[in-house]
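Listing of start00.cif, mmCIF, C-alpha atoms and all ligand atoms
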data_work
loop_
_atom_site.label_atom_id
_atom_site.label_comp_id
_atom_site.auth_asym_id
_atom_site.auth_seq_id
_atom_site.Cartn_x
_atom_site.Cartn_y
_atom_site.Cartn_z
CA MET A 1 -22.97 0.32 -2.33
CA TYR A 2 -22.33 -3.21 -1.00
CA ASP A 3 -25.30 -2.83 1.33
CA GLY A 4 -24.87 -4.77 4.53
CA ASP A 5 -21.42 -6.15 3.68
CA ILE A 6 -19.51 -3.48 5.60
CA ALA A 7 -19.58 -3.92 9.37
CA SER A 8 -17.94 -0.60 10.21
CA VAL A 9 -16.11 2.35 8.69
CA LEU A 10 -12.60 2.28 10.13
CA ILE A 11 -11.19 5.29 8.26
CA SER A 12 -13.47 7.77 6.52
CA GLU A 13 -12.98 9.35 3.12
CA GLN A 14 -12.14 12.68 4.77
CA GLN A 15 -9.62 11.10 7.15
CA ILE A 16 -7.90 9.45 4.17
CA LYS A 17 -7.80 12.78 2.29
CA ASP A 18 -6.27 14.62 5.23
CA LYS A 19 -3.67 11.91 5.77
CA VAL A 20 -2.69 11.78 2.10
CA THR A 21 -2.13 15.55 2.14
CA GLU A 22 -0.06 15.29 5.32
CA LEU A 23 2.11 12.44 3.99
CA ALA A 24 2.63 14.20 0.66
CA LYS A 25 3.79 17.36 2.45
CA GLN A 26 6.22 15.37 4.57
CA VAL A 27 7.62 13.51 1.55
CA ASP A 28 7.92 16.79 -0.36
CA GLU A 29 10.05 18.28 2.41
CA ASP A 30 12.25 15.18 2.72
CA TYR A 31 12.82 14.89 -1.03
CA HIS A 32 13.65 18.52 -1.61
CA GLN A 33 17.20 17.44 -2.42
CA ALA A 34 16.01 14.87 -4.97
CA GLY A 35 15.40 17.81 -7.31
CA GLY A 36 12.34 16.48 -9.10
CA ASP A 37 13.85 13.04 -9.51
CA LEU A 38 11.40 11.17 -7.31
CA LEU A 39 10.13 7.84 -8.62
CA LEU A 40 7.00 6.41 -7.03
CA VAL A 41 6.60 2.65 -7.26
CA GLY A 42 3.00 1.67 -6.62
CA VAL A 43 2.20 -1.89 -5.74
CA LEU A 44 -0.83 -3.13 -7.69
CA LYS A 45 -3.61 -3.47 -7.26
CA GLY A 46 -4.15 -2.49 -3.65
CA ALA A 47 -2.13 0.72 -3.69
CA VAL A 48 -3.70 2.18 -6.83
CA MET A 49 -6.10 4.60 -5.10
CA PHE A 50 -3.47 5.74 -2.60
CA MET A 51 -0.84 6.08 -5.34
CA THR A 52 -2.97 8.28 -7.59
CA ASP A 53 -4.23 10.50 -4.76
CA PHE A 54 -0.76 10.73 -3.25
CA ALA A 55 0.89 11.69 -6.56
CA ARG A 56 -1.66 14.46 -7.07
CA ALA A 57 -1.25 15.74 -3.52
CA LEU A 58 2.55 15.83 -3.84
CA PRO A 59 3.72 19.40 -4.48
CA GLN A 60 6.79 18.27 -6.46
CA PRO A 61 6.92 16.33 -9.72
CA ALA A 62 7.25 12.57 -9.52
CA GLN A 63 7.26 9.75 -12.02
CA LEU A 64 4.91 6.82 -11.57
CA GLU A 65 5.78 3.17 -11.97
CA PHE A 66 3.78 0.13 -11.03
CA MET A 67 4.65 -3.34 -9.98
CA ALA A 68 2.28 -6.21 -9.35
CA VAL A 69 3.18 -8.88 -6.86
CA SER A 70 1.06 -11.60 -5.42
CA SER A 71 1.47 -12.81 -1.87
CA TYR A 72 -1.79 -14.68 -1.70
CA GLY A 73 -5.02 -15.06 -3.67
CA SER A 74 -8.43 -14.48 -2.20
CA SER A 75 -7.66 -15.85 1.24
CA THR A 76 -7.12 -13.48 4.14
CA SER A 77 -3.77 -14.61 5.53
CA SER A 78 -0.25 -14.35 4.14
CA SER A 79 1.61 -17.35 2.69
CA GLY A 80 4.96 -15.60 2.51
CA VAL A 81 5.32 -16.63 -1.12
CA VAL A 82 5.81 -13.62 -3.38
CA ARG A 83 5.53 -13.72 -7.14
CA ILE A 84 6.14 -10.88 -9.63
CA LEU A 85 3.06 -10.60 -11.83
CA LYS A 86 4.22 -7.38 -13.47
CA ASP A 87 7.71 -5.94 -13.18
CA LEU A 88 8.79 -2.30 -13.50
CA ASP A 89 9.04 -0.95 -17.04
CA ARG A 90 12.23 0.95 -16.37
CA ASP A 91 15.60 0.80 -14.74
CA ILE A 92 15.66 2.36 -11.27
CA ALA A 93 19.45 2.60 -10.91
CA ASN A 94 20.49 5.94 -9.36
CA ARG A 95 16.86 7.00 -8.89
CA HIS A 96 15.21 8.10 -5.65
CA VAL A 97 12.60 5.39 -5.25
CA LEU A 98 9.62 5.55 -2.91
CA ILE A 99 7.53 2.39 -2.66
CA VAL A 100 3.85 3.23 -2.24
CA GLU A 101 1.97 0.45 -0.44
CA ASP A 102 -1.61 -0.02 0.64
CA ILE A 103 -1.02 -2.10 3.74
CA ILE A 104 1.74 -3.88 5.62
CA ASP A 105 0.56 -6.90 7.54
CA SER A 106 3.21 -9.57 8.21
CA GLY A 107 5.76 -7.46 6.31
CA LEU A 108 6.77 -10.45 4.19
CA THR A 109 5.75 -8.85 0.91
CA LEU A 110 7.57 -5.65 1.69
CA SER A 111 10.77 -7.23 2.93
CA TRP A 112 10.92 -9.27 -0.26
CA LEU A 113 10.22 -6.17 -2.34
CA LEU A 114 12.89 -4.12 -0.59
CA LYS A 115 15.48 -6.81 -1.21
CA ASN A 116 14.47 -7.11 -4.84
CA LEU A 117 14.47 -3.36 -5.57
CA SER A 118 17.65 -2.56 -3.64
CA SER A 119 19.54 -5.08 -5.78
CA ARG A 120 18.78 -2.75 -8.72
CA ASN A 121 20.93 -0.02 -7.12
CA PRO A 122 18.57 2.92 -6.61
CA ALA A 123 20.05 6.15 -5.21
CA SER A 124 17.66 5.77 -2.28
CA LEU A 125 14.81 3.46 -1.33
CA GLU A 126 12.04 4.24 1.16
CA VAL A 127 8.52 3.04 1.88
CA CYS A 128 5.27 4.92 2.27
CA THR A 129 2.30 2.84 3.38
CA LEU A 130 -1.22 4.01 4.04
CA LEU A 131 -1.96 1.28 6.59
CA ARG A 132 0.05 -0.83 8.95
CA LYS A 133 -1.12 -3.74 11.08
CA PRO A 134 0.36 -4.64 14.51
CA ASP A 135 2.36 -7.68 13.30
CA ALA A 136 4.36 -5.47 10.94
CA VAL A 137 5.95 -3.69 13.87
CA GLN A 138 7.70 -6.91 14.88
CA VAL A 139 9.30 -7.37 11.48
CA ASP A 140 12.53 -5.59 10.78
CA VAL A 141 11.44 -3.62 7.72
CA PRO A 142 12.20 0.08 7.63
CA VAL A 143 9.03 2.01 6.84
CA LYS A 144 9.61 5.74 6.80
CA TYR A 145 6.04 6.91 6.18
CA VAL A 146 2.94 5.35 7.77
CA GLY A 147 -0.57 6.73 7.36
CA PHE A 148 -2.50 4.80 9.98
CA ASP A 149 -1.71 2.02 12.42
CA ILE A 150 -4.81 -0.15 12.46
CA PRO A 151 -6.02 -3.10 14.55
CA ASN A 152 -5.40 -6.64 13.40
CA GLU A 153 -8.60 -6.94 11.39
CA PHE A 154 -9.16 -7.63 7.72
CA VAL A 155 -10.04 -4.37 5.98
CA VAL A 156 -11.39 -3.49 2.56
CA GLY A 157 -11.93 -0.38 0.45
CA TYR A 158 -9.78 2.36 -1.10
CA GLY A 159 -7.96 -0.22 -3.22
CA LEU A 160 -8.13 -3.12 -0.77
CA ASP A 161 -10.21 -6.11 -1.73
CA TYR A 162 -11.79 -9.27 -0.56
CA ALA A 163 -11.91 -11.67 -3.55
CA GLU A 164 -11.48 -8.62 -5.86
CA ARG A 165 -14.51 -6.82 -4.45
CA TYR A 166 -14.77 -3.55 -2.47
CA ARG A 167 -11.67 -1.90 -4.01
CA ASP A 168 -13.90 0.91 -5.26
CA LEU A 169 -15.16 2.00 -1.84
CA PRO A 170 -13.93 5.53 -1.01
CA TYR A 171 -13.31 4.64 2.64
CA ILE A 172 -11.70 1.80 4.60
CA GLY A 173 -13.98 -0.53 6.47
CA THR A 174 -14.26 -3.93 8.05
CA LEU A 175 -16.32 -6.70 6.51
CA ASP A 176 -19.32 -8.31 8.07
CA PRO A 177 -18.32 -11.92 8.93
CA LYS A 178 -21.26 -13.19 6.86
CA VAL A 179 -19.29 -12.23 3.74
CA TYR A 180 -16.53 -14.73 4.59
CA THR A 181 -18.88 -17.48 5.57
CA THR A 182 -21.42 -17.29 2.77
CA GLY A 183 -19.07 -15.85 0.15
CA VAL A 184 -21.68 -13.36 -1.15
P1 LIG B 201 2.11 -8.94 4.18
O1 LIG B 201 1.54 -9.89 5.20
O2 LIG B 201 3.03 -9.61 3.26
O3 LIG B 201 0.83 -8.55 3.38
O4 LIG B 201 2.66 -7.69 4.84
C1 LIG B 201 0.80 -7.48 2.52
C2 LIG B 201 -0.30 -7.65 1.51
O5 LIG B 201 -1.36 -8.45 2.06
C3 LIG B 201 -2.61 -7.95 1.70
N1 LIG B 201 -3.37 -7.64 2.92
C4 LIG B 201 -4.63 -7.22 2.95
N2 LIG B 201 -5.50 -6.97 1.95
N3 LIG B 201 -7.12 -6.32 3.54
C5 LIG B 201 -6.75 -6.53 2.26
O6 LIG B 201 -7.55 -6.29 1.37
C6 LIG B 201 -6.31 -6.55 4.60
O7 LIG B 201 -6.71 -6.35 5.76
C7 LIG B 201 -5.00 -7.04 4.28
N4 LIG B 201 -3.92 -7.37 5.05
C8 LIG B 201 -2.95 -7.73 4.18
C9 LIG B 201 -2.33 -6.75 0.84
O8 LIG B 201 -2.43 -7.14 -0.50
C10 LIG B 201 -0.92 -6.34 1.14
O9 LIG B 201 -0.26 -5.74 0.06
MG MG B 202 -2.26 -6.59 -2.12
#

I need this file expressed as structure tokens, please.
Amino acid sequence: MYDGDIASVLISEQQIKDKVTELAKQVDEDYHQAGGDLLLVGVLKGAVMFMTDFARALPQPAQLEFMAVSSYGSSTSSSGVVRILKDLDRDIANRHVLIVEDIIDSGLTLSWLLKNLSSRNPASLEVCTLLRKPDAVQVDVPVKYVGFDIPNEFVVGYGLDYAERYRDLPYIGTLDPKVYTTGV
């Protein structure tokens, strides 16, 4: 699949599986008190693979909600402008909310999202991200659960895209520079 477009596999399918299981176990322990009232908010489209695998790996029941925001189109750097493309279907007041994210890069999307969701008065609000890039560490956004800290490279696969492609790869990889330059 996508022959020649992927320069290297950064995180394998098995590594993702193991990490999802580990994170789900940790969240399960921390939310024992929530008593089956956990609400997962997945951020479309990037987090969709992580969200569905995570929800199935979680030993306790959880409800699933999705939100779609756009921080930038098909380019590979953040503009800081966040737009809601699809809002939550339900009220999150007094719910234990866990945001499920694919990747935190500059942290701009997340800090905006945290502000927006906390104004809706959830009982608690935390973040679980599969990937985190180095710049995110400098931003003051509290991220309780992090799967992998990765180098500052553009990555695709397992929900992450370049111009809407590669989301369906089961692993996370880096793109061959020829893809950016020729726009295959
Ligand atoms: P910020 O900079 O706001 O960015 O933390 C978060 C969003 O940017 C996208 N993003 C990426 N998407 N490969 C991608 O496919 C990447 O390496 C990458 N880095 C950032 C992503 O949509 C994320 O939600
Ligand atoms: Mg995204």

Around ligand LIG 201 (chain B), at most 6 Å away and counting all atoms listed in the file, which residues are there? Put them as a ChimeraX atom specification, please.
/A:46,78,102-109,153-156,160-162

Closest of A:Ile16, A:Ala68, A:Val179, A:Val9 to ligand MG 202 (chain B), counting only C-alpha atoms and all ligand atoms, is A:Ala68

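A straight line drawn from atom CA of Leu85 of chain A to atom CA of Leu113 of chain A is 12.7 Å long.
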
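Remark: for Gly36 of chain A, the closest of the candidate residues A:Ser70, A:Thr129, A:Thr182, A:Gln60 is A:Gln60 (distances computed over all atoms listed in the file).
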
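The shortest atom-to-atom distance to ligand MG 202 (chain B), with only C-alpha atoms and all ligand atoms taken into account, belongs to A:Ser71 out of A:Asn94, A:Ser71, A:Gln33, A:Asn121.
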
Pairwise distance, atom CA of Thr174 of chain A with atom CA of Ile6 of chain A, equals 5.8 Å

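Coordinates place atom CA of Lys133 of chain A at a distance of 21.5 Å from atom CA of Asp53 of chain A.
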
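Using all atoms listed in the file, the protein and nucleic acid residues lying at most 6 Å from the point (-4.4, -0.8, 6.6) are A:Ile103, A:Leu131, A:Arg132, A:Ile150.
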
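For the set A:Val43, A:Leu38, A:Val139, A:Met67, the residue with the smallest atom-to-atom gap to ligand MG 202 (chain B) is A:Val43, counting all atoms listed in the file.
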
Practice problem: Find the residues around Tyr158 of chain A up to 6 Å (only C-alpha atoms counted), leave out those fewer than 2 positions away in its own chain, and share them as an MDAnalysis selection string. | Solution: chainID A and resid 49 160 167 169:171
